[in-house]
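The file data-v4.cif comes next; it holds mmCIF, C-alpha atoms.
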```cif
data_entry
loop_
_atom_site.label_atom_id
_atom_site.label_comp_id
_atom_site.auth_asym_id
_atom_site.auth_seq_id
_atom_site.Cartn_x
_atom_site.Cartn_y
_atom_site.Cartn_z
CA MET A 24 -95.84 50.84 -66.73
CA LYS A 25 -96.60 50.67 -63.10
CA LEU A 26 -96.50 48.06 -60.41
CA ARG A 27 -99.56 46.72 -58.70
CA GLY A 28 -101.40 43.56 -57.77
CA LEU A 29 -102.53 40.95 -55.29
CA VAL A 30 -100.04 38.23 -56.09
CA GLY A 31 -98.54 39.79 -59.16
CA VAL A 32 -97.19 43.15 -60.09
CA ILE A 33 -98.53 45.28 -62.90
CA ALA A 34 -96.56 47.65 -65.07
CA LEU A 35 -98.26 50.14 -67.35
CA ALA A 36 -96.53 51.14 -70.55
CA GLY A 37 -94.86 54.52 -70.56
CA CYS A 38 -95.05 54.64 -74.33
CA ALA A 39 -98.82 54.50 -74.74
CA ALA A 40 -99.56 57.38 -77.08
CA LEU A 41 -102.42 59.73 -77.77
CA ALA A 42 -103.75 59.78 -81.31
CA LEU A 43 -104.19 63.12 -82.98
CA PRO A 44 -107.38 62.98 -85.06
CA SER A 45 -106.03 65.47 -87.59
CA ALA A 46 -102.66 63.80 -88.06
CA GLN A 47 -101.84 62.77 -91.61
CA ALA A 48 -99.55 60.04 -92.88
CA THR A 49 -96.04 61.39 -93.31
CA PRO A 50 -93.07 60.23 -95.36
CA ALA A 51 -90.79 57.71 -93.66
CA GLY A 52 -88.34 59.69 -91.61
CA ALA A 53 -90.56 62.70 -91.06
CA THR A 54 -91.98 63.42 -87.63
CA ASP A 55 -94.14 66.50 -88.11
CA GLY A 56 -97.74 65.87 -87.07
CA LEU A 57 -97.10 62.60 -85.27
CA PRO A 58 -98.81 61.74 -81.97
CA ILE A 59 -96.96 62.45 -78.75
CA PRO A 60 -96.40 59.27 -76.70
CA VAL A 61 -97.49 59.72 -73.11
CA PRO A 62 -97.27 57.49 -70.03
CA GLY A 63 -100.12 55.29 -68.89
CA ALA A 64 -101.83 56.06 -65.64
CA ALA A 65 -100.64 54.34 -62.49
CA ALA A 66 -102.69 51.26 -61.68
CA LYS A 67 -104.11 51.22 -58.19
CA PRO A 68 -103.34 48.32 -55.84
CA ALA A 69 -106.09 45.75 -55.57
CA ASP A 70 -107.61 45.28 -52.12
CA SER A 71 -105.05 43.85 -49.71
CA GLY A 72 -102.41 44.10 -52.43
CA ARG A 73 -99.79 45.53 -50.13
CA ARG A 74 -100.52 43.04 -47.33
CA SER A 75 -100.30 40.14 -49.79
CA ILE A 76 -96.93 41.24 -51.15
CA GLU A 77 -95.56 41.83 -47.66
CA ALA A 78 -96.72 38.42 -46.48
CA THR A 79 -95.32 36.42 -49.38
CA SER A 80 -92.29 38.25 -50.74
CA GLY A 81 -89.90 38.03 -47.80
CA TRP A 82 -88.35 41.37 -48.78
CA ASN A 83 -86.91 43.82 -46.30
CA ALA A 84 -85.16 47.16 -46.73
CA SER A 85 -81.72 45.61 -47.19
CA SER A 86 -82.61 42.68 -49.42
CA SER A 87 -84.87 44.72 -51.67
CA TYR A 88 -82.18 47.36 -52.15
CA ASN A 89 -79.57 44.75 -52.97
CA ALA A 90 -81.96 43.15 -55.46
CA VAL A 91 -82.43 46.34 -57.47
CA ARG A 92 -78.95 47.86 -57.02
CA TYR A 93 -76.66 44.83 -57.31
CA ALA A 94 -78.68 42.39 -59.42
CA LYS A 95 -76.65 39.72 -61.22
CA LEU A 96 -78.44 40.87 -64.35
CA TYR A 97 -76.06 43.83 -64.60
CA ASN A 98 -73.04 41.54 -64.99
CA THR A 99 -74.44 39.33 -67.74
CA PRO A 100 -72.93 39.11 -71.26
CA TYR A 101 -74.04 41.06 -74.29
CA VAL A 102 -77.66 40.54 -75.33
CA PRO A 103 -77.51 38.17 -78.31
CA ALA A 104 -79.18 39.09 -81.56
CA SER A 105 -82.30 37.00 -82.00
CA GLY A 106 -81.81 37.10 -85.75
CA CYS A 107 -85.51 37.84 -86.19
CA LYS A 108 -86.54 39.96 -89.12
CA ARG A 109 -89.39 42.43 -88.97
CA PRO A 110 -92.70 40.60 -89.48
CA ASN A 111 -93.86 41.38 -93.00
CA VAL A 112 -97.40 42.44 -92.20
CA ALA A 113 -99.39 45.66 -92.30
CA LEU A 114 -100.54 46.75 -88.84
CA ASN A 115 -104.06 47.55 -89.99
CA THR A 116 -106.17 44.81 -88.36
CA GLU A 117 -106.41 43.12 -84.98
CA ALA A 118 -105.17 39.81 -86.41
CA ARG A 119 -102.14 41.41 -88.02
CA VAL A 120 -101.18 43.34 -84.90
CA ARG A 121 -101.50 40.09 -82.93
CA TYR A 122 -99.26 38.27 -85.39
CA PHE A 123 -96.68 41.09 -85.35
CA GLU A 124 -96.51 41.32 -81.57
CA THR A 125 -96.55 37.52 -81.12
CA GLU A 126 -93.52 37.19 -83.38
CA LEU A 127 -91.70 39.95 -81.51
CA ALA A 128 -92.50 38.33 -78.16
CA ARG A 129 -91.04 35.06 -79.45
CA CYS A 130 -87.89 36.85 -80.57
CA LEU A 131 -87.53 38.75 -77.30
CA TYR A 132 -87.76 35.47 -75.39
CA ALA A 133 -85.06 33.90 -77.56
CA ALA A 134 -82.67 36.78 -76.86
CA TRP A 135 -83.37 37.34 -73.17
CA ASN A 136 -83.71 33.73 -72.00
CA PRO A 137 -79.95 32.99 -71.84
CA ILE A 138 -79.34 36.35 -70.16
CA VAL A 139 -81.93 35.66 -67.47
CA TRP A 140 -80.33 32.23 -66.96
CA ARG A 141 -76.90 33.82 -66.49
CA ALA A 142 -78.49 36.24 -64.01
CA GLY A 143 -79.76 33.33 -61.90
CA GLY A 144 -83.37 34.20 -62.67
CA ARG A 145 -86.41 32.23 -63.75
CA TYR A 146 -85.40 31.34 -67.28
CA ASN A 147 -87.43 29.30 -69.77
CA VAL A 148 -90.50 31.25 -68.67
CA LYS A 149 -92.45 32.68 -71.58
CA PRO A 150 -94.90 35.45 -70.75
CA THR A 151 -98.42 35.23 -72.08
CA LEU A 152 -99.32 37.85 -74.68
CA VAL A 153 -102.82 39.34 -74.70
CA VAL A 154 -103.65 41.66 -77.60
CA HIS A 155 -106.83 43.41 -76.55
CA GLY A 156 -109.24 46.01 -77.85
CA TYR A 157 -111.00 46.85 -74.63
CA THR A 158 -111.45 50.20 -72.91
CA THR A 159 -111.35 48.34 -69.58
CA ILE A 160 -109.61 45.03 -69.01
CA ASN A 161 -109.68 42.83 -65.93
CA THR A 162 -106.43 41.11 -65.02
CA SER A 163 -105.19 39.05 -62.10
CA CYS A 164 -103.28 42.20 -61.08
CA GLY A 165 -106.40 44.36 -61.11
CA LYS A 166 -108.51 46.40 -63.51
CA VAL A 167 -106.88 48.70 -66.06
CA THR A 168 -108.77 51.31 -68.05
CA GLY A 169 -107.67 52.94 -71.28
CA PRO A 170 -105.74 51.88 -74.40
CA THR A 171 -102.62 51.13 -72.38
CA SER A 172 -99.97 48.46 -72.73
CA PHE A 173 -98.92 46.88 -69.46
CA TYR A 174 -97.30 43.89 -67.79
CA CYS A 175 -98.70 41.74 -64.98
CA SER A 176 -96.24 39.50 -63.15
CA THR A 177 -98.68 36.88 -61.84
CA GLY A 178 -97.64 33.34 -62.75
CA SER A 179 -95.44 33.33 -65.82
CA GLY A 180 -96.26 37.00 -66.49
CA THR A 181 -98.61 38.54 -69.05
CA ILE A 182 -98.01 41.34 -71.52
CA TYR A 183 -101.11 43.29 -72.61
CA ILE A 184 -101.06 45.24 -75.89
CA PRO A 185 -104.01 47.34 -77.19
CA TRP A 186 -104.34 46.68 -80.92
CA ARG A 187 -106.69 49.57 -81.78
CA GLN A 188 -104.05 52.12 -80.80
CA ILE A 189 -101.53 50.59 -83.18
CA VAL A 190 -104.04 50.32 -86.04
CA THR A 191 -104.90 53.99 -85.57
CA TYR A 192 -101.25 54.95 -85.78
CA TYR A 193 -100.75 52.78 -88.84
CA GLY A 194 -103.46 54.74 -90.63
CA GLN A 195 -101.62 57.96 -89.80
CA ASP A 196 -98.06 56.82 -90.47
CA PRO A 197 -97.10 53.17 -91.04
CA THR A 198 -93.44 53.64 -90.12
CA PHE A 199 -94.32 55.39 -86.87
CA ALA A 200 -96.74 52.57 -86.01
CA VAL A 201 -94.03 49.95 -86.54
CA ALA A 202 -91.59 51.91 -84.37
CA TYR A 203 -94.21 52.36 -81.67
CA ALA A 204 -95.35 48.72 -81.70
CA THR A 205 -91.76 47.49 -81.62
CA ASN A 206 -90.73 49.76 -78.78
CA THR A 207 -93.83 49.08 -76.72
CA ILE A 208 -93.51 45.31 -76.56
CA ALA A 209 -89.74 45.55 -76.08
CA HIS A 210 -90.37 47.80 -73.06
CA GLU A 211 -92.99 45.45 -71.63
CA TYR A 212 -90.63 42.54 -72.08
CA GLY A 213 -88.11 44.58 -70.14
CA HIS A 214 -90.55 44.36 -67.22
CA HIS A 215 -90.67 40.60 -67.72
CA VAL A 216 -86.88 40.47 -67.44
CA GLN A 217 -87.16 42.53 -64.25
CA SER A 218 -89.78 40.12 -62.95
CA MET A 219 -87.79 36.99 -63.75
CA THR A 220 -84.74 38.41 -61.94
CA SER A 221 -86.71 39.65 -58.87
CA ILE A 222 -86.03 43.32 -59.61
CA LEU A 223 -89.70 44.03 -60.25
CA THR A 224 -91.12 42.69 -56.99
CA ALA A 225 -88.23 44.11 -54.96
CA SER A 226 -88.83 47.55 -56.44
CA TRP A 227 -92.53 47.30 -55.81
CA TRP A 228 -91.89 46.36 -52.18
CA ARG A 229 -89.61 49.38 -51.85
CA GLN A 230 -92.16 51.73 -53.38
CA GLN A 231 -94.91 50.51 -51.07
CA HIS A 232 -92.70 51.52 -48.13
CA MET A 233 -92.06 55.00 -49.50
CA THR A 234 -94.15 58.13 -49.77
CA GLY A 235 -94.24 61.26 -51.91
CA ASP A 236 -91.26 62.06 -54.09
CA ALA A 237 -89.31 58.99 -52.97
CA ALA A 238 -92.07 56.66 -54.15
CA LEU A 239 -92.29 58.44 -57.51
CA ALA A 240 -88.51 58.26 -57.91
CA GLU A 241 -88.61 54.50 -57.29
CA SER A 242 -91.22 54.15 -60.02
CA ARG A 243 -89.12 56.20 -62.42
CA ARG A 244 -86.03 54.07 -61.85
CA ARG A 245 -88.07 50.95 -62.61
CA GLU A 246 -89.74 52.36 -65.71
CA LEU A 247 -86.61 53.90 -67.18
CA GLN A 248 -84.79 50.62 -66.69
CA ALA A 249 -87.51 48.71 -68.54
CA SER A 250 -87.16 51.12 -71.46
CA CYS A 251 -83.40 50.69 -71.40
CA LEU A 252 -83.69 46.90 -71.39
CA GLY A 253 -86.18 46.98 -74.24
CA SER A 254 -83.87 49.22 -76.24
CA ALA A 255 -80.93 46.89 -75.53
CA TYR A 256 -82.79 44.13 -77.39
CA ILE A 257 -83.64 46.45 -80.29
CA GLY A 258 -80.00 47.50 -80.54
CA ALA A 259 -78.73 43.92 -80.32
CA ASN A 260 -80.94 42.83 -83.21
CA LYS A 261 -80.66 45.96 -85.37
CA VAL A 262 -78.94 44.16 -88.27
CA ALA A 263 -81.58 41.48 -88.80
CA TYR A 264 -84.37 43.94 -87.94
CA PRO A 265 -82.87 47.03 -89.58
CA MET A 266 -83.08 50.05 -87.31
CA SER A 267 -81.97 52.62 -89.83
CA GLY A 268 -83.37 55.28 -92.10
CA GLY A 269 -86.99 56.21 -91.53
CA LEU A 270 -87.66 53.51 -88.93
CA LEU A 271 -84.73 54.65 -86.80
CA THR A 272 -85.90 58.26 -87.10
CA GLN A 273 -89.39 57.31 -85.95
CA TRP A 274 -88.09 55.13 -83.13
CA LYS A 275 -85.93 58.00 -81.88
CA TYR A 276 -89.01 60.21 -82.02
CA VAL A 277 -90.96 57.72 -79.90
CA VAL A 278 -88.30 57.40 -77.20
CA SER A 279 -87.59 61.14 -77.08
CA HIS A 280 -91.29 61.98 -76.69
CA SER A 281 -92.14 59.39 -74.03
CA GLY A 282 -92.33 60.00 -70.31
CA ASP A 283 -94.12 62.22 -67.86
CA MET A 284 -96.59 64.80 -69.10
CA ALA A 285 -97.40 68.14 -67.51
CA GLY A 286 -100.04 67.80 -64.83
CA GLN A 287 -99.57 64.02 -64.51
CA PRO A 288 -97.74 62.04 -61.79
CA ARG A 289 -93.97 62.08 -62.31
CA ASP A 290 -93.70 58.30 -62.23
CA HIS A 291 -92.06 57.49 -65.60
CA GLY A 292 -89.30 60.04 -66.00
CA SER A 293 -88.85 63.14 -68.12
CA TRP A 294 -88.70 62.95 -71.90
CA THR A 295 -85.01 63.82 -71.71
CA ASN A 296 -84.23 60.98 -69.33
CA HIS A 297 -86.41 58.50 -71.15
CA ASN A 298 -84.46 59.32 -74.28
CA PHE A 299 -81.15 59.04 -72.40
CA TRP A 300 -81.86 55.55 -71.02
CA SER A 301 -83.36 54.30 -74.27
CA LEU A 302 -80.25 55.35 -76.20
CA ALA A 303 -78.02 53.92 -73.45
CA GLY A 304 -79.65 50.54 -73.96
CA PHE A 305 -79.69 50.78 -77.74
CA ASN A 306 -76.05 51.87 -78.11
CA GLY A 307 -74.50 49.77 -75.35
CA ASP A 308 -70.73 50.12 -75.06
CA GLY A 309 -70.03 50.32 -78.77
CA HIS A 310 -69.32 46.59 -79.04
CA GLY A 311 -72.67 45.22 -77.94
CA THR A 312 -75.69 45.93 -75.79
CA HIS A 313 -76.07 44.65 -72.26
CA ALA A 314 -78.18 45.03 -69.16
CA GLY A 315 -75.26 46.66 -67.39
CA SER A 316 -76.08 49.85 -69.30
CA CYS A 317 -79.42 49.97 -67.47
CA GLN A 318 -78.39 50.40 -63.82
CA THR A 319 -80.89 53.12 -63.04
CA TRP A 320 -80.60 52.47 -59.29
CA ALA A 321 -76.95 53.49 -59.50
CA ALA A 322 -77.75 56.71 -61.36
CA ALA A 323 -77.79 60.22 -59.93
CA ALA A 324 -81.17 61.75 -59.13
CA THR A 325 -80.86 64.07 -62.12
CA ARG A 326 -80.80 61.05 -64.45
CA ILE A 327 -84.06 59.64 -63.10
CA SER A 328 -85.97 62.92 -62.74
#
```

Rendering of file as structure tokens:
Amino acid sequence: MKLRGLVGVIALAGCAALALPSAQATPAGATDGLPIPVPGAAAKPADSGRRSIEATSGWNASSSYNAVRYAKLYNTPYVPASGCKRPNVALNTEARVRYFETELARCLYAAWNPIVWRAGGRYNVKPTLVVHGYTTINTSCGKVTGPTSFYCSTGSGTIYIPWRQIVTYYGQDPTFAVAYATNTIAHEYGHHVQSMTSILTASWWRQQHMTGDAALAESRRRELQASCLGSAYIGANKVAYPMSGGLLTQWKYVVSHSGDMAGQPRDHGSWTNHNFWSLAGFNGDGHGTHAGSCQTWAAAATRIS
């Protein structure tokens, strides 16, 4: 979940996980022996990426801050339940992963579209979904290497999901794989919501005009918000797509073990804070879930560390 690109912005998934070759399938609800989700690497800007964004975005320090801090998105109604049930398919082949993620993308669009409209954003814009099995993939936002999910904002936006990673997890623990696949695309769609409401490009502009710890903190606010938005959808639709029992246990494992790893750039947030924002989105205010729970730019530094 990271931002980069010539015209678009790219966001690499913070929930891409490392497979453990010795891991065995575990009973639904158990977490012993599961892989530890880790963040994707930051994508590098393509040549002239910064100059292109500066020339075409029209952002400045004041407008970009207002876009991320006071976005209309935060005052929108509860996220509606899409009513979509979990796709009844085993995640053990490329075709089945593609079907699963395509159905979830359709459901995410149905739920978020009216919210984006109320936020004054680009509604009725469906992102393209690319389910890939490549070690290196070329996108209009640049080249990305590794089995990483990510979002590119060029045009209508594109979500990239690596199917081999999910199939591997399914062989180890089917319930974990479902939780991981669900959370990953929900997070990436959170970036699409950011893109459609100008938060994504404004944040990227801000980060390009920062250095050191400030730039990393900007990235963390963006990534933690995408996780919160993704979790808001999951929470809104938890009756039709039951998030309970073993699946809820595995989902909580995923979100509490996602974020920055030792020795890696601190650009996604700590495990503790990733868990905090994911649960904030999922739980909402007790009556419903809403984007207002995801105001990471209003949060104290300790909540985006």

(request) Using only C-alpha atoms, determine which residues lie at most 10 Å from range 153-163 of chain A, disregarding the query and same-chain residues fewer than 2 positions distant; provide the list as number ranges by chain. (result) A: 28-33, 69, 117-118, 120-122, 124-125, 150-151, 165-178, 181-188

(request) To verify the selection step, state as a list in words which residues the PyMOL selection byres ((chain A and resi 296) around 8) yields on this input. (result) Leu247, Gly292, Ser293, Trp294, Thr295, His297, Asn298, Phe299, Trp300, Arg326, Ile327 and Ser328 of chain A

(request) Any chance you could resolve the PyMOL selection byres ((chain A and resi 314) around 7) against this file and give the residues as a PyMOL selection string? (result) chain A and resi 96-97+99+252+313+315-317

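Distance annotation: of A:Ala237, A:Tyr276, A:Met284, A:His210, the residue with the minimal separation from Ala249 in chain A is A:His210; atom set is all atoms listed in the file.
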
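Considering only C-alpha atoms, the residue among A:Trp274, A:Tyr192, A:Trp227, A:Trp135 positioned nearest to Thr205 in chain A is A:Trp274.
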
(message) Between CA of Gly307 in chain A and CA of Val262 in chain A, what is the distance in Å, rounded to a tenth?
(response) 14.8 Å

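For the residues A:Ala202, A:Leu271, A:Ala133, A:Ala84, ranking by smallest atom-to-atom distance to Cys107 in chain A using all atoms listed in the file places A:Ala133 first.
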
So which residues get picked by the PyMOL selection byres ((chain A and resi 105) around 9) here, written as an mmCIF file with C-alpha atoms, keeping the file's coordinate frame?
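Writing done, so here's expr.cif:
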```cif
data_model
loop_
_atom_site.group_PDB
_atom_site.id
_atom_site.type_symbol
_atom_site.label_atom_id
_atom_site.label_comp_id
_atom_site.auth_asym_id
_atom_site.auth_seq_id
_atom_site.Cartn_x
_atom_site.Cartn_y
_atom_site.Cartn_z
ATOM 1 C CA VAL A 102 -77.660 40.540 -75.330
ATOM 2 C CA PRO A 103 -77.510 38.170 -78.310
ATOM 3 C CA ALA A 104 -79.180 39.090 -81.560
ATOM 4 C CA GLY A 106 -81.810 37.100 -85.750
ATOM 5 C CA CYS A 107 -85.510 37.840 -86.190
ATOM 6 C CA LYS A 108 -86.540 39.960 -89.120
ATOM 7 C CA CYS A 130 -87.890 36.850 -80.570
ATOM 8 C CA LEU A 131 -87.530 38.750 -77.300
ATOM 9 C CA TYR A 132 -87.760 35.470 -75.390
ATOM 10 C CA ALA A 133 -85.060 33.900 -77.560
ATOM 11 C CA ALA A 134 -82.670 36.780 -76.860
ATOM 12 C CA TRP A 135 -83.370 37.340 -73.170
ATOM 13 C CA TYR A 256 -82.790 44.130 -77.390
ATOM 14 C CA ALA A 259 -78.730 43.920 -80.320
ATOM 15 C CA ASN A 260 -80.940 42.830 -83.210
ATOM 16 C CA ALA A 263 -81.580 41.480 -88.800
#
```

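Distance-wise, CA of Gly143 in chain A and CA of Asp308 in chain A end up 23.2 Å apart.
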
(request) Might you pull out every residue within 6 Å of His291 in chain A, with only C-alpha atoms counted and same-chain residues fewer than 3 positions away left off, and present them as an MDAnalysis selection string? (result) chainID A and resid 243 246 282:283

Those residues you just picked out, can you put them in a file as a PDB file, in the coordinates of the input with C-alpha atoms?
```pdb
ATOM      1  CA  ARG A 243     -89.120  56.200 -62.420  1.00  0.00           C
ATOM      2  CA  GLU A 246     -89.740  52.360 -65.710  1.00  0.00           C
ATOM      3  CA  GLY A 282     -92.330  60.000 -70.310  1.00  0.00           C
ATOM      4  CA  ASP A 283     -94.120  62.220 -67.860  1.00  0.00           C
TER       5      ASP A 283
END
```

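Remark: for Gln318 in chain A, the closest of the candidate residues A:Asn98, A:Ser267, A:Thr272, A:Thr224 is A:Asn98 (distances computed over all atoms listed in the file).
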
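Between CA of Asp290 in chain A and CA of Asp236 in chain A the interatomic distance comes to 9.3 Å.
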
(request) List the neighbours of Trp82 in chain A out to 12 Å using all atoms listed in the file; skip same-chain residues closer than 4 positions along the sequence, and give me the result as a PyMOL selection string. (result) chain A and resi 76-78+86-91+221-232

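Among the candidate residues A:Ser218, A:Ser301, A:Thr116, A:Ser85, the one lying nearest to Val277 in chain A is A:Ser301, with distances computed using all atoms listed in the file.
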
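Using all atoms listed in the file for every distance, the candidate list A:Val201, A:Ile208, A:Leu239, A:Met219 yields A:Leu239 as the residue closest to Gln287 in chain A.
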
(message) Neighbouring residues of Thr319 in chain A were defined as those with any atom within 6 Å, considering all atoms listed in the file; residues of the same chain fewer than 2 positions away were excluded. Please report them as number ranges by chain.
(response) A: 244, 248, 317, 321-322

Taking all heavy atoms as the atom set, what does range 155-164 of chain A look like once completed, written as a PDB file, keeping the file's coordinate frame?
```pdb
ATOM      1  N   HIS A 155    -105.443  43.112 -76.904  1.00  0.00           N
ATOM      2  CA  HIS A 155    -106.830  43.410 -76.550  1.00  0.00           C
ATOM      3  C   HIS A 155    -107.318  44.697 -77.203  1.00  0.00           C
ATOM      4  O   HIS A 155    -106.523  45.552 -77.602  1.00  0.00           O
ATOM      5  CB  HIS A 155    -106.984  43.516 -75.030  1.00  0.00           C
ATOM      6  CG  HIS A 155    -106.270  44.684 -74.429  1.00  0.00           C
ATOM      7  ND1 HIS A 155    -106.884  45.889 -74.200  1.00  0.00           N
ATOM      8  CD2 HIS A 155    -104.980  44.835 -74.030  1.00  0.00           C
ATOM      9  CE1 HIS A 155    -106.010  46.736 -73.671  1.00  0.00           C
ATOM     10  NE2 HIS A 155    -104.847  46.123 -73.560  1.00  0.00           N
ATOM     11  N   GLY A 156    -108.631  44.816 -77.281  1.00  0.00           N
ATOM     12  CA  GLY A 156    -109.240  46.010 -77.850  1.00  0.00           C
ATOM     13  C   GLY A 156    -110.228  46.639 -76.902  1.00  0.00           C
ATOM     14  O   GLY A 156    -111.168  47.320 -77.334  1.00  0.00           O
ATOM     15  N   TYR A 157    -110.040  46.411 -75.614  1.00  0.00           N
ATOM     16  CA  TYR A 157    -111.000  46.850 -74.630  1.00  0.00           C
ATOM     17  C   TYR A 157    -110.658  48.216 -74.033  1.00  0.00           C
ATOM     18  O   TYR A 157    -109.492  48.567 -73.928  1.00  0.00           O
ATOM     19  CB  TYR A 157    -111.095  45.821 -73.491  1.00  0.00           C
ATOM     20  CG  TYR A 157    -111.373  44.428 -73.965  1.00  0.00           C
ATOM     21  CD1 TYR A 157    -110.383  43.456 -73.940  1.00  0.00           C
ATOM     22  CD2 TYR A 157    -112.623  44.092 -74.482  1.00  0.00           C
ATOM     23  CE1 TYR A 157    -110.630  42.174 -74.400  1.00  0.00           C
ATOM     24  CE2 TYR A 157    -112.881  42.821 -74.940  1.00  0.00           C
ATOM     25  CZ  TYR A 157    -111.882  41.858 -74.897  1.00  0.00           C
ATOM     26  OH  TYR A 157    -112.128  40.602 -75.356  1.00  0.00           O
ATOM     27  N   THR A 158    -111.682  48.954 -73.619  1.00  0.00           N
ATOM     28  CA  THR A 158    -111.450  50.200 -72.910  1.00  0.00           C
ATOM     29  C   THR A 158    -111.129  49.919 -71.441  1.00  0.00           C
ATOM     30  O   THR A 158    -110.435  50.680 -70.789  1.00  0.00           O
ATOM     31  CB  THR A 158    -112.677  51.120 -72.993  1.00  0.00           C
ATOM     32  OG1 THR A 158    -113.832  50.402 -72.525  1.00  0.00           O
ATOM     33  CG2 THR A 158    -112.916  51.553 -74.426  1.00  0.00           C
ATOM     34  N   THR A 159    -111.654  48.790 -70.932  1.00  0.00           N
ATOM     35  CA  THR A 159    -111.350  48.340 -69.580  1.00  0.00           C
ATOM     36  C   THR A 159    -111.059  46.850 -69.634  1.00  0.00           C
ATOM     37  O   THR A 159    -111.796  46.099 -70.254  1.00  0.00           O
ATOM     38  CB  THR A 159    -112.519  48.596 -68.614  1.00  0.00           C
ATOM     39  OG1 THR A 159    -112.778  49.996 -68.556  1.00  0.00           O
ATOM     40  CG2 THR A 159    -112.186  48.094 -67.213  1.00  0.00           C
ATOM     41  N   ILE A 160    -109.981  46.434 -69.002  1.00  0.00           N
ATOM     42  CA  ILE A 160    -109.610  45.030 -69.010  1.00  0.00           C
ATOM     43  C   ILE A 160    -109.335  44.565 -67.595  1.00  0.00           C
ATOM     44  O   ILE A 160    -108.676  45.255 -66.817  1.00  0.00           O
ATOM     45  CB  ILE A 160    -108.399  44.780 -69.939  1.00  0.00           C
ATOM     46  CG1 ILE A 160    -108.107  43.288 -70.053  1.00  0.00           C
ATOM     47  CG2 ILE A 160    -107.183  45.554 -69.497  1.00  0.00           C
ATOM     48  CD1 ILE A 160    -107.143  42.953 -71.173  1.00  0.00           C
ATOM     49  N   ASN A 161    -109.899  43.414 -67.243  1.00  0.00           N
ATOM     50  CA  ASN A 161    -109.680  42.830 -65.930  1.00  0.00           C
ATOM     51  C   ASN A 161    -108.517  41.852 -65.990  1.00  0.00           C
ATOM     52  O   ASN A 161    -108.467  40.997 -66.871  1.00  0.00           O
ATOM     53  CB  ASN A 161    -110.943  42.102 -65.459  1.00  0.00           C
ATOM     54  CG  ASN A 161    -112.099  43.047 -65.214  1.00  0.00           C
ATOM     55  OD1 ASN A 161    -111.943  44.051 -64.519  1.00  0.00           O
ATOM     56  ND2 ASN A 161    -113.253  42.754 -65.781  1.00  0.00           N
ATOM     57  N   THR A 162    -107.586  41.984 -65.069  1.00  0.00           N
ATOM     58  CA  THR A 162    -106.430  41.110 -65.020  1.00  0.00           C
ATOM     59  C   THR A 162    -106.282  40.571 -63.597  1.00  0.00           C
ATOM     60  O   THR A 162    -106.920  41.063 -62.663  1.00  0.00           O
ATOM     61  CB  THR A 162    -105.129  41.856 -65.403  1.00  0.00           C
ATOM     62  OG1 THR A 162    -104.662  42.600 -64.286  1.00  0.00           O
ATOM     63  CG2 THR A 162    -105.362  42.782 -66.580  1.00  0.00           C
ATOM     64  N   SER A 163    -105.432  39.581 -63.430  1.00  0.00           N
ATOM     65  CA  SER A 163    -105.190  39.050 -62.100  1.00  0.00           C
ATOM     66  C   SER A 163    -104.441  40.055 -61.232  1.00  0.00           C
ATOM     67  O   SER A 163    -104.314  39.869 -60.021  1.00  0.00           O
ATOM     68  CB  SER A 163    -104.403  37.745 -62.177  1.00  0.00           C
ATOM     69  OG  SER A 163    -103.212  37.921 -62.899  1.00  0.00           O
ATOM     70  N   CYS A 164    -103.937  41.121 -61.836  1.00  0.00           N
ATOM     71  CA  CYS A 164    -103.280  42.200 -61.080  1.00  0.00           C
ATOM     72  C   CYS A 164    -104.234  43.358 -60.817  1.00  0.00           C
ATOM     73  O   CYS A 164    -103.841  44.356 -60.213  1.00  0.00           O
ATOM     74  CB  CYS A 164    -102.074  42.713 -61.864  1.00  0.00           C
ATOM     75  SG  CYS A 164    -100.673  41.581 -61.916  1.00  0.00           S
TER      76      CYS A 164
END
```
